[in-house]
Amino acid sequence: MSTSDGLSADPPPRSRKDGSPFLILAAGLLLFAALAGTIFLVTRPTTLRIAVGPSGSDDQNLIQALSESFAREGRPIRLSLITTAGAVESIEYLRGHKTDLAVVRGDEELPDGTQSVAILRKNVVVLWSPSGLSKKGAKKESKPKIKSIDDLEGHRVGVIGRTPVNVTLLRVILTESGVNPDKVAVSQFSTTQIAEMVRDPTIDAFMTVGPLDSKITAEAITATAHARGEPVFLPIEVSEALAHKHPLYESEEIPGSVFSSSPARPDDTVETIGVSHLIVAPKSLSETAVGAFIRELFTVRPSLAREVPNAAKIQKPDTDKDAALPAHPGAAAYIDGTERTFMDKYSDYIWGGVLIFSVLGSGTAWLRHYIKRDERKLNTLHREKLLAAISLVRKIDSIEELDALQHEADDILRETLECYDDGAIEEGDLSAYSLVLEQFHHAVVDRRAAINAAAADVPRIRVG
């Protein structure tokens with residue numbers, strides 16, 4: 001019996017060019033690349049530019065040492081130094097968005113939106129006048145011309161440092177002390193002109209702005225004593241009122257003997273004004289970056305202080321909302337202990353990513369299911385043919401036709417297993433196919449036995 005109506009009437013072979021394994025591989029690689037990229041972005045060091053100057057100054061040396069410490073210890077923050085001529089140029093870099101951080105004085109004219117990140121040190125104003133050297137043979141020492149700020153009117157003050165903010169600060173002090181600043185002449189000298197300044201007979205008083213342990217201030221006071229007699233320190237008696245009216249300044253005290261112990265300079269505590277020397281940043285700078293910077297700064301400060309003693313002066317900025325120069329939100333969060341954790345910052349993104357990958361997974365599954373639709377249809381057709389072949393087997397009269405039908409069933413089995421391996425059909429579909437195939441094989445076995453039995457019963461014809 002012919003099998004033309006049986007399994008041989010197969011549909012066109014299924015296509016093997018759908019590329020689904022490559023699609024799955026591509027999706028896996030995409031997921032891996034996204035994960036690797038996220039880890040790289042989160043863990044790679046953040047580099048911040050910082051403007052500081054002048055070259056060779058204490059500020060520049062401190063920031064250079066800080067940068068080297070970050071790099072040496074593998075900290076997540078790196079510093080790229082921009083050396084400037086001084087605070088004025090550093091501010092211009094900040095204003096032109098050419099730097100992320102800058103080292104400046106708190107009373108400089110800063111761009112709008114500038115906020116404090118850390119206090120490098122406290123500077124204090126030191127005002128003094130020479131007592132005058134006594135003439136040889138004189139029974140009494142000459143009396144100083146200037147004993148207080150009130151006596152400065154009509155005289156000239158030598159200010160060390162070329163920055164204009166020093167002159168501005170002197171004018172504020174004079175005004176608050178009741179002295180007309182226009183009646184006080186001012187001459188500015190660089191830090192290399194101290195000897196020239198103290199020998200200038202037109203200079204009646206001197207002023208510096210720097211830390212209490214400033215070598216420049218100590219050198220100027222010593223030079224004054226040698227050239228023009230022991231210095232008379234001028235207290236700023238209105239320091240508290242001045243600080244109240246000008247929040248960028250603070251009321252401070254100069255301890256006795258801080259500049260020299262023998263003789264004592266000064267011989268007692270002197271009231272004065274202080275101003276902070278800061279690291280600042282624009283408000284637009286990332287809170288995460290600033291928080292990481294200040295965290296690493298205070299982490300390395302103890303070890304850095306052993307290398308650069310000035311690092312011990314680094315302090316946290318004022319986080320009060322009404323501060324004259326408010327703290328950057330990133331710095332304030334670290335100081336106040338309100339920093340957001342990794343999960344606080346990125347949980348929305350993480351869950352969003354999970355949701356996206358879930359949608360992509362579902363979409364991929366649907367797409368894969370859609371691409372495999374022809375294979376599933378073919379598998380269903382093969383199963384129906386096997387069911388029909390079970391009835392067909394009972395009508396076959398020859399072993400040859402039975403073997404041909406069995407061979408076609410084997411081909412169907414091979415394609416079904418390939419469909420299963422490709423994911424076109426599920427395990428349940430394979431189980432249903434196995435059940436049909438088992439019934440088919442039983443029918444073939446029974447029919448083969450029947451054909452053999454019939455052949456054995458046919459009487460043999462004797463020839464001859």
# chains A, B, ... in the order shown; residues from 1 in each chain; ligands from 1
call {"tool": "residues_around", "arguments": {"residues": "Ile279 (chain A)", "least_positions_apart": "2", "cutoff": "8 Å", "atoms": "only C-alpha atoms", "output": "count of residues only"}}
result
11
call {"tool": "residues_around", "arguments": {"residues": "region 159-175 of chain A", "least_positions_apart": "6", "cutoff": "9 Å", "atoms": "only C-alpha atoms", "output": "PyMOL selection string"}}
result
chain A and resi 86-88+105+107-109+125+149-150+152+181-182+184+186-191+193-194+197+205-209+216-217+220+236+238-239+242+273
call {"tool": "write_last_selection", "arguments": {"atoms": "C-alpha atoms", "output": "PDB file, in the first residue's frame"}}
result
ATOM      1  CA  GLY A  86      46.631  84.061  43.163  1.00  0.00           C
ATOM      2  CA  ALA A  87      43.093  84.138  44.501  1.00  0.00           C
ATOM      3  CA  VAL A  88      41.940  86.804  42.021  1.00  0.00           C
ATOM      4  CA  ARG A 105      39.625  84.222  50.733  1.00  0.00           C
ATOM      5  CA  ASP A 107      35.922  88.323  51.608  1.00  0.00           C
ATOM      6  CA  GLU A 108      36.839  88.163  47.904  1.00  0.00           C
ATOM      7  CA  GLU A 109      34.211  89.175  45.353  1.00  0.00           C
ATOM      8  CA  VAL A 125      44.500  91.024  60.765  1.00  0.00           C
ATOM      9  CA  ILE A 149      43.599 102.900  65.389  1.00  0.00           C
ATOM     10  CA  ASP A 150      42.204 106.329  66.243  1.00  0.00           C
ATOM     11  CA  LEU A 152      45.995 106.523  62.145  1.00  0.00           C
ATOM     12  CA  PRO A 181      39.421 105.986  55.606  1.00  0.00           C
ATOM     13  CA  ASP A 182      39.990 108.747  53.057  1.00  0.00           C
ATOM     14  CA  VAL A 184      44.540 107.416  55.889  1.00  0.00           C
ATOM     15  CA  VAL A 186      47.817 103.254  52.039  1.00  0.00           C
ATOM     16  CA  SER A 187      50.846 101.763  50.313  1.00  0.00           C
ATOM     17  CA  GLN A 188      50.920  98.109  49.293  1.00  0.00           C
ATOM     18  CA  PHE A 189      54.048  95.970  49.275  1.00  0.00           C
ATOM     19  CA  SER A 190      54.695  92.457  48.071  1.00  0.00           C
ATOM     20  CA  THR A 191      55.924  89.767  50.429  1.00  0.00           C
ATOM     21  CA  GLN A 193      59.507  93.950  49.940  1.00  0.00           C
ATOM     22  CA  ILE A 194      59.293  93.693  53.732  1.00  0.00           C
ATOM     23  CA  MET A 197      58.663  98.708  53.707  1.00  0.00           C
ATOM     24  CA  ALA A 205      51.932 101.650  60.673  1.00  0.00           C
ATOM     25  CA  PHE A 206      51.846  98.203  59.142  1.00  0.00           C
ATOM     26  CA  MET A 207      49.207  95.575  58.385  1.00  0.00           C
ATOM     27  CA  THR A 208      49.247  91.903  57.389  1.00  0.00           C
ATOM     28  CA  VAL A 209      46.446  89.393  56.898  1.00  0.00           C
ATOM     29  CA  ILE A 216      55.632  86.657  56.632  1.00  0.00           C
ATOM     30  CA  THR A 217      53.960  88.396  59.580  1.00  0.00           C
ATOM     31  CA  ALA A 220      57.776  91.825  59.218  1.00  0.00           C
ATOM     32  CA  ILE A 236      40.552  96.399  66.782  1.00  0.00           C
ATOM     33  CA  VAL A 238      35.134  97.139  67.483  1.00  0.00           C
ATOM     34  CA  SER A 239      35.767  93.578  66.216  1.00  0.00           C
ATOM     35  CA  LEU A 242      32.272  94.764  62.863  1.00  0.00           C
ATOM     36  CA  ILE A 273      39.351  90.544  62.976  1.00  0.00           C
TER      37      ILE A 273
END
call {"tool": "residues_around", "arguments": {"residues": "Ile63 (chain A)", "least_positions_apart": "4", "cutoff": "9 Å", "atoms": "only C-alpha atoms", "output": "ChimeraX atom specification"}}
result
/A:50,52,58-59,67-68,79,81
call {"tool": "residues_around", "arguments": {"residues": "region 290-307 of chain A", "least_positions_apart": "4", "cutoff": "8 Å", "atoms": "only C-alpha atoms", "output": "list in words"}}
result
Ala65, Leu66, Ser69, Phe70, Arg75, Pro76, Ile77, Val117, Ala118, Leu285, Ser286, Ala311, Ala312, Ile314, His328, Gly330, Ala331, Ala333, Tyr334 and Glu339 of chain A
call {"tool": "select_by_dssp", "arguments": {"residues": "region 145-322 of chain A", "states": "helix (DSSP H, G or I)", "output": "PyMOL selection string"}}
result
chain A and resi 149-152+164-176+181-183+194-199+215-228+239-245+287-307+309-313
call {"tool": "write_last_selection", "arguments": {"atoms": "C-alpha atoms", "output": "PDB file, in the first residue's frame"}}
result
ATOM      1  CA  ILE A 149      43.599 102.900  65.389  1.00  0.00           C
ATOM      2  CA  ASP A 150      42.204 106.329  66.243  1.00  0.00           C
ATOM      3  CA  ASP A 151      45.714 107.739  65.751  1.00  0.00           C
ATOM      4  CA  LEU A 152      45.995 106.523  62.145  1.00  0.00           C
ATOM      5  CA  PRO A 164      42.951  94.700  46.834  1.00  0.00           C
ATOM      6  CA  VAL A 165      40.839  92.946  49.461  1.00  0.00           C
ATOM      7  CA  ASN A 166      43.451  93.799  52.099  1.00  0.00           C
ATOM      8  CA  VAL A 167      42.934  97.498  51.421  1.00  0.00           C
ATOM      9  CA  THR A 168      39.157  96.989  51.422  1.00  0.00           C
ATOM     10  CA  LEU A 169      39.381  95.262  54.788  1.00  0.00           C
ATOM     11  CA  LEU A 170      41.508  98.092  56.233  1.00  0.00           C
ATOM     12  CA  ARG A 171      38.945 100.645  55.088  1.00  0.00           C
ATOM     13  CA  VAL A 172      36.154  98.644  56.751  1.00  0.00           C
ATOM     14  CA  ILE A 173      38.152  98.529  60.008  1.00  0.00           C
ATOM     15  CA  LEU A 174      38.828 102.258  59.871  1.00  0.00           C
ATOM     16  CA  THR A 175      35.194 103.080  59.149  1.00  0.00           C
ATOM     17  CA  GLU A 176      33.855 100.936  61.982  1.00  0.00           C
ATOM     18  CA  PRO A 181      39.421 105.986  55.606  1.00  0.00           C
ATOM     19  CA  ASP A 182      39.990 108.747  53.057  1.00  0.00           C
ATOM     20  CA  LYS A 183      42.295 110.474  55.546  1.00  0.00           C
ATOM     21  CA  ILE A 194      59.293  93.693  53.732  1.00  0.00           C
ATOM     22  CA  ALA A 195      62.754  95.178  54.380  1.00  0.00           C
ATOM     23  CA  GLU A 196      62.019  98.065  52.024  1.00  0.00           C
ATOM     24  CA  MET A 197      58.663  98.708  53.707  1.00  0.00           C
ATOM     25  CA  VAL A 198      59.944  98.895  57.313  1.00  0.00           C
ATOM     26  CA  ARG A 199      62.754 101.263  56.330  1.00  0.00           C
ATOM     27  CA  LYS A 215      56.288  83.477  58.608  1.00  0.00           C
ATOM     28  CA  ILE A 216      55.632  86.657  56.632  1.00  0.00           C
ATOM     29  CA  THR A 217      53.960  88.396  59.580  1.00  0.00           C
ATOM     30  CA  ALA A 218      56.629  87.237  62.028  1.00  0.00           C
ATOM     31  CA  GLU A 219      59.390  88.391  59.659  1.00  0.00           C
ATOM     32  CA  ALA A 220      57.776  91.825  59.218  1.00  0.00           C
ATOM     33  CA  ILE A 221      57.380  92.334  62.979  1.00  0.00           C
ATOM     34  CA  THR A 222      60.980  91.306  63.651  1.00  0.00           C
ATOM     35  CA  ALA A 223      62.244  93.579  60.874  1.00  0.00           C
ATOM     36  CA  THR A 224      60.231  96.478  62.329  1.00  0.00           C
ATOM     37  CA  ALA A 225      61.761  95.946  65.778  1.00  0.00           C
ATOM     38  CA  HIS A 226      65.292  95.930  64.378  1.00  0.00           C
ATOM     39  CA  ALA A 227      64.843  98.920  62.084  1.00  0.00           C
ATOM     40  CA  ARG A 228      62.405 101.165  63.978  1.00  0.00           C
ATOM     41  CA  SER A 239      35.767  93.578  66.216  1.00  0.00           C
ATOM     42  CA  GLU A 240      32.513  92.123  67.549  1.00  0.00           C
ATOM     43  CA  ALA A 241      30.390  94.951  66.160  1.00  0.00           C
ATOM     44  CA  LEU A 242      32.272  94.764  62.863  1.00  0.00           C
ATOM     45  CA  ALA A 243      31.713  91.009  62.581  1.00  0.00           C
ATOM     46  CA  HIS A 244      28.028  91.483  63.342  1.00  0.00           C
ATOM     47  CA  LYS A 245      27.640  94.037  60.556  1.00  0.00           C
ATOM     48  CA  GLU A 287      26.477  67.114  45.475  1.00  0.00           C
ATOM     49  CA  THR A 288      27.817  63.584  45.146  1.00  0.00           C
ATOM     50  CA  ALA A 289      31.197  64.833  43.930  1.00  0.00           C
ATOM     51  CA  VAL A 290      31.499  67.469  46.652  1.00  0.00           C
ATOM     52  CA  GLY A 291      30.375  65.027  49.340  1.00  0.00           C
ATOM     53  CA  ALA A 292      32.955  62.490  48.185  1.00  0.00           C
ATOM     54  CA  PHE A 293      35.677  65.162  48.094  1.00  0.00           C
ATOM     55  CA  ILE A 294      35.105  66.471  51.613  1.00  0.00           C
ATOM     56  CA  ARG A 295      34.773  62.926  52.969  1.00  0.00           C
ATOM     57  CA  GLU A 296      38.143  61.962  51.511  1.00  0.00           C
ATOM     58  CA  LEU A 297      39.652  65.304  52.592  1.00  0.00           C
ATOM     59  CA  PHE A 298      38.881  64.730  56.262  1.00  0.00           C
ATOM     60  CA  THR A 299      39.806  61.051  55.986  1.00  0.00           C
ATOM     61  CA  VAL A 300      43.360  61.816  54.845  1.00  0.00           C
ATOM     62  CA  ARG A 301      43.792  64.988  56.936  1.00  0.00           C
ATOM     63  CA  PRO A 302      45.468  63.280  59.952  1.00  0.00           C
ATOM     64  CA  SER A 303      48.072  61.510  57.820  1.00  0.00           C
ATOM     65  CA  LEU A 304      48.481  64.546  55.572  1.00  0.00           C
ATOM     66  CA  ALA A 305      49.187  66.770  58.598  1.00  0.00           C
ATOM     67  CA  ARG A 306      52.311  64.738  59.333  1.00  0.00           C
ATOM     68  CA  GLU A 307      53.573  65.602  55.869  1.00  0.00           C
ATOM     69  CA  PRO A 309      51.514  70.700  59.082  1.00  0.00           C
ATOM     70  CA  ASN A 310      49.116  73.265  57.577  1.00  0.00           C
ATOM     71  CA  ALA A 311      46.675  70.418  56.866  1.00  0.00           C
ATOM     72  CA  ALA A 312      45.877  70.311  60.596  1.00  0.00           C
ATOM     73  CA  LYS A 313      44.162  73.720  60.209  1.00  0.00           C
TER      74      LYS A 313
END
call {"tool": "residues_around", "arguments": {"residues": "Ala324 (chain A)", "least_positions_apart": "6", "cutoff": "9 Å", "atoms": "only C-alpha atoms", "output": "ChimeraX atom specification"}}
result
/A:246-248
call {"tool": "closest_residue", "arguments": {"among": "A:Pro54, A:Leu387, A:Asp268, A:Asp100", "to": "Ser284 (chain A)", "atoms": "only C-alpha atoms"}}
result
A:Asp100
call {"tool": "select_by_dssp", "arguments": {"residues": "region 223-454 of chain A", "states": "strand (DSSP E or B)", "output": "list in words"}}
result
Pro231, Val232, Phe233, Tyr249, Glu250, Ser251, Glu252, Glu253, Ile254, Ser260, Ser261, Ala264, Arg265, Val270, Glu271, Thr272, Ile273, Gly274, Val275, Ser276, His277, Leu278, Ile279, Val280, Ala281, Pro282, Gln315 and Ala327 of chain A
call {"tool": "residues_around", "arguments": {"residues": "Pro111 (chain A)", "least_positions_apart": "4", "cutoff": "8 Å", "atoms": "only C-alpha atoms", "output": "MDAnalysis selection string"}}
result
chainID A and resid 91 94:95
call {"tool": "write_last_selection", "arguments": {"atoms": "N, CA and C atoms", "output": "PDB file, in the first residue's frame"}}
result
ATOM      1  N   ILE A  91      39.541  82.998  41.102  1.00  0.00           N
ATOM      2  CA  ILE A  91      38.124  83.379  41.037  1.00  0.00           C
ATOM      3  C   ILE A  91      37.679  83.543  39.592  1.00  0.00           C
ATOM      4  N   LEU A  94      36.952  80.291  38.222  1.00  0.00           N
ATOM      5  CA  LEU A  94      35.660  79.834  38.742  1.00  0.00           C
ATOM      6  C   LEU A  94      34.518  80.522  38.002  1.00  0.00           C
ATOM      7  N   ARG A  95      34.672  81.798  37.775  1.00  0.00           N
ATOM      8  CA  ARG A  95      33.624  82.559  37.078  1.00  0.00           C
ATOM      9  C   ARG A  95      33.478  82.093  35.627  1.00  0.00           C
TER      10      ARG A  95
END
call {"tool": "closest_residue", "arguments": {"among": "A:Asn452, A:Arg383, A:Glu438, A:Cys419", "to": "Ser398 (chain A)", "atoms": "only C-alpha atoms"}}
result
A:Asn452
call {"tool": "decode", "arguments": {"residues": "region 247-329 of chain A", "atoms": "C-alpha atoms", "output": "JSON list (two decimals), in the first residue's frame"}}
result
[["chain", "number", "residue", "atom", "x", "y", "z"],
["A", 247, "PRO", "CA", 29.27, 88.41, 58.51],
["A", 248, "LEU", "CA", 32.21, 87.47, 56.28],
["A", 249, "TYR", "CA", 34.50, 88.57, 59.12],
["A", 250, "GLU", "CA", 34.84, 87.14, 62.62],
["A", 251, "SER", "CA", 35.96, 88.57, 65.92],
["A", 252, "GLU", "CA", 39.28, 86.95, 66.88],
["A", 253, "GLU", "CA", 42.12, 87.35, 69.37],
["A", 254, "ILE", "CA", 45.87, 87.35, 68.89],
["A", 255, "PRO", "CA", 47.40, 85.44, 71.83],
["A", 256, "GLY", "CA", 50.27, 86.99, 73.73],
["A", 257, "SER", "CA", 53.81, 85.97, 72.68],
["A", 258, "VAL", "CA", 52.51, 84.29, 69.50],
["A", 259, "PHE", "CA", 55.06, 86.06, 67.29],
["A", 260, "SER", "CA", 57.94, 86.02, 69.77],
["A", 261, "SER", "CA", 58.37, 84.93, 73.37],
["A", 262, "SER", "CA", 61.53, 86.89, 74.18],
["A", 263, "PRO", "CA", 60.65, 89.66, 74.07],
["A", 264, "ALA", "CA", 56.94, 88.93, 74.16],
["A", 265, "ARG", "CA", 55.25, 90.06, 70.95],
["A", 266, "PRO", "CA", 52.55, 90.96, 71.72],
["A", 267, "ASP", "CA", 52.85, 91.19, 75.48],
["A", 268, "ASP", "CA", 49.13, 90.54, 75.95],
["A", 269, "THR", "CA", 46.05, 89.39, 74.07],
["A", 270, "VAL", "CA", 45.07, 91.68, 71.19],
["A", 271, "GLU", "CA", 41.55, 91.92, 69.81],
["A", 272, "THR", "CA", 41.34, 91.67, 66.02],
["A", 273, "ILE", "CA", 39.35, 90.54, 62.98],
["A", 274, "GLY", "CA", 39.60, 87.18, 61.21],
["A", 275, "VAL", "CA", 38.63, 85.99, 57.74],
["A", 276, "SER", "CA", 38.50, 82.44, 56.42],
["A", 277, "HIS", "CA", 40.63, 81.05, 53.61],
["A", 278, "LEU", "CA", 38.42, 78.55, 51.81],
["A", 279, "ILE", "CA", 37.95, 75.91, 49.19],
["A", 280, "VAL", "CA", 34.82, 76.94, 47.31],
["A", 281, "ALA", "CA", 32.71, 75.48, 44.53],
["A", 282, "PRO", "CA", 29.76, 76.60, 42.39],
["A", 283, "LYS", "CA", 26.37, 75.45, 43.54],
["A", 284, "SER", "CA", 25.98, 73.61, 40.22],
["A", 285, "LEU", "CA", 28.78, 71.17, 41.08],
["A", 286, "SER", "CA", 27.41, 67.71, 41.83],
["A", 287, "GLU", "CA", 26.48, 67.11, 45.47],
["A", 288, "THR", "CA", 27.82, 63.58, 45.15],
["A", 289, "ALA", "CA", 31.20, 64.83, 43.93],
["A", 290, "VAL", "CA", 31.50, 67.47, 46.65],
["A", 291, "GLY", "CA", 30.38, 65.03, 49.34],
["A", 292, "ALA", "CA", 32.95, 62.49, 48.19],
["A", 293, "PHE", "CA", 35.68, 65.16, 48.09],
["A", 294, "ILE", "CA", 35.11, 66.47, 51.61],
["A", 295, "ARG", "CA", 34.77, 62.93, 52.97],
["A", 296, "GLU", "CA", 38.14, 61.96, 51.51],
["A", 297, "LEU", "CA", 39.65, 65.30, 52.59],
["A", 298, "PHE", "CA", 38.88, 64.73, 56.26],
["A", 299, "THR", "CA", 39.81, 61.05, 55.99],
["A", 300, "VAL", "CA", 43.36, 61.82, 54.85],
["A", 301, "ARG", "CA", 43.79, 64.99, 56.94],
["A", 302, "PRO", "CA", 45.47, 63.28, 59.95],
["A", 303, "SER", "CA", 48.07, 61.51, 57.82],
["A", 304, "LEU", "CA", 48.48, 64.55, 55.57],
["A", 305, "ALA", "CA", 49.19, 66.77, 58.60],
["A", 306, "ARG", "CA", 52.31, 64.74, 59.33],
["A", 307, "GLU", "CA", 53.57, 65.60, 55.87],
["A", 308, "VAL", "CA", 52.22, 69.17, 55.63],
["A", 309, "PRO", "CA", 51.51, 70.70, 59.08],
["A", 310, "ASN", "CA", 49.12, 73.26, 57.58],
["A", 311, "ALA", "CA", 46.68, 70.42, 56.87],
["A", 312, "ALA", "CA", 45.88, 70.31, 60.60],
["A", 313, "LYS", "CA", 44.16, 73.72, 60.21],
["A", 314, "ILE", "CA", 41.56, 72.42, 57.78],
["A", 315, "GLN", "CA", 38.07, 72.80, 59.24],
["A", 316, "LYS", "CA", 34.51, 72.10, 58.23],
["A", 317, "PRO", "CA", 32.51, 75.05, 56.88],
["A", 318, "ASP", "CA", 29.53, 76.62, 58.59],
["A", 319, "THR", "CA", 26.37, 74.72, 57.63],
["A", 320, "ASP", "CA", 23.92, 77.26, 59.07],
["A", 321, "LYS", "CA", 21.41, 78.33, 56.48],
["A", 322, "ASP", "CA", 22.00, 82.01, 57.30],
["A", 323, "ALA", "CA", 25.79, 81.77, 56.96],
["A", 324, "ALA", "CA", 27.38, 84.60, 54.97],
["A", 325, "LEU", "CA", 28.90, 82.05, 52.59],
["A", 326, "PRO", "CA", 26.66, 78.96, 52.75],
["A", 327, "ALA", "CA", 28.10, 75.49, 52.65],
["A", 328, "HIS", "CA", 27.66, 73.49, 49.46],
["A", 329, "PRO", "CA", 24.79, 70.99, 49.90]]
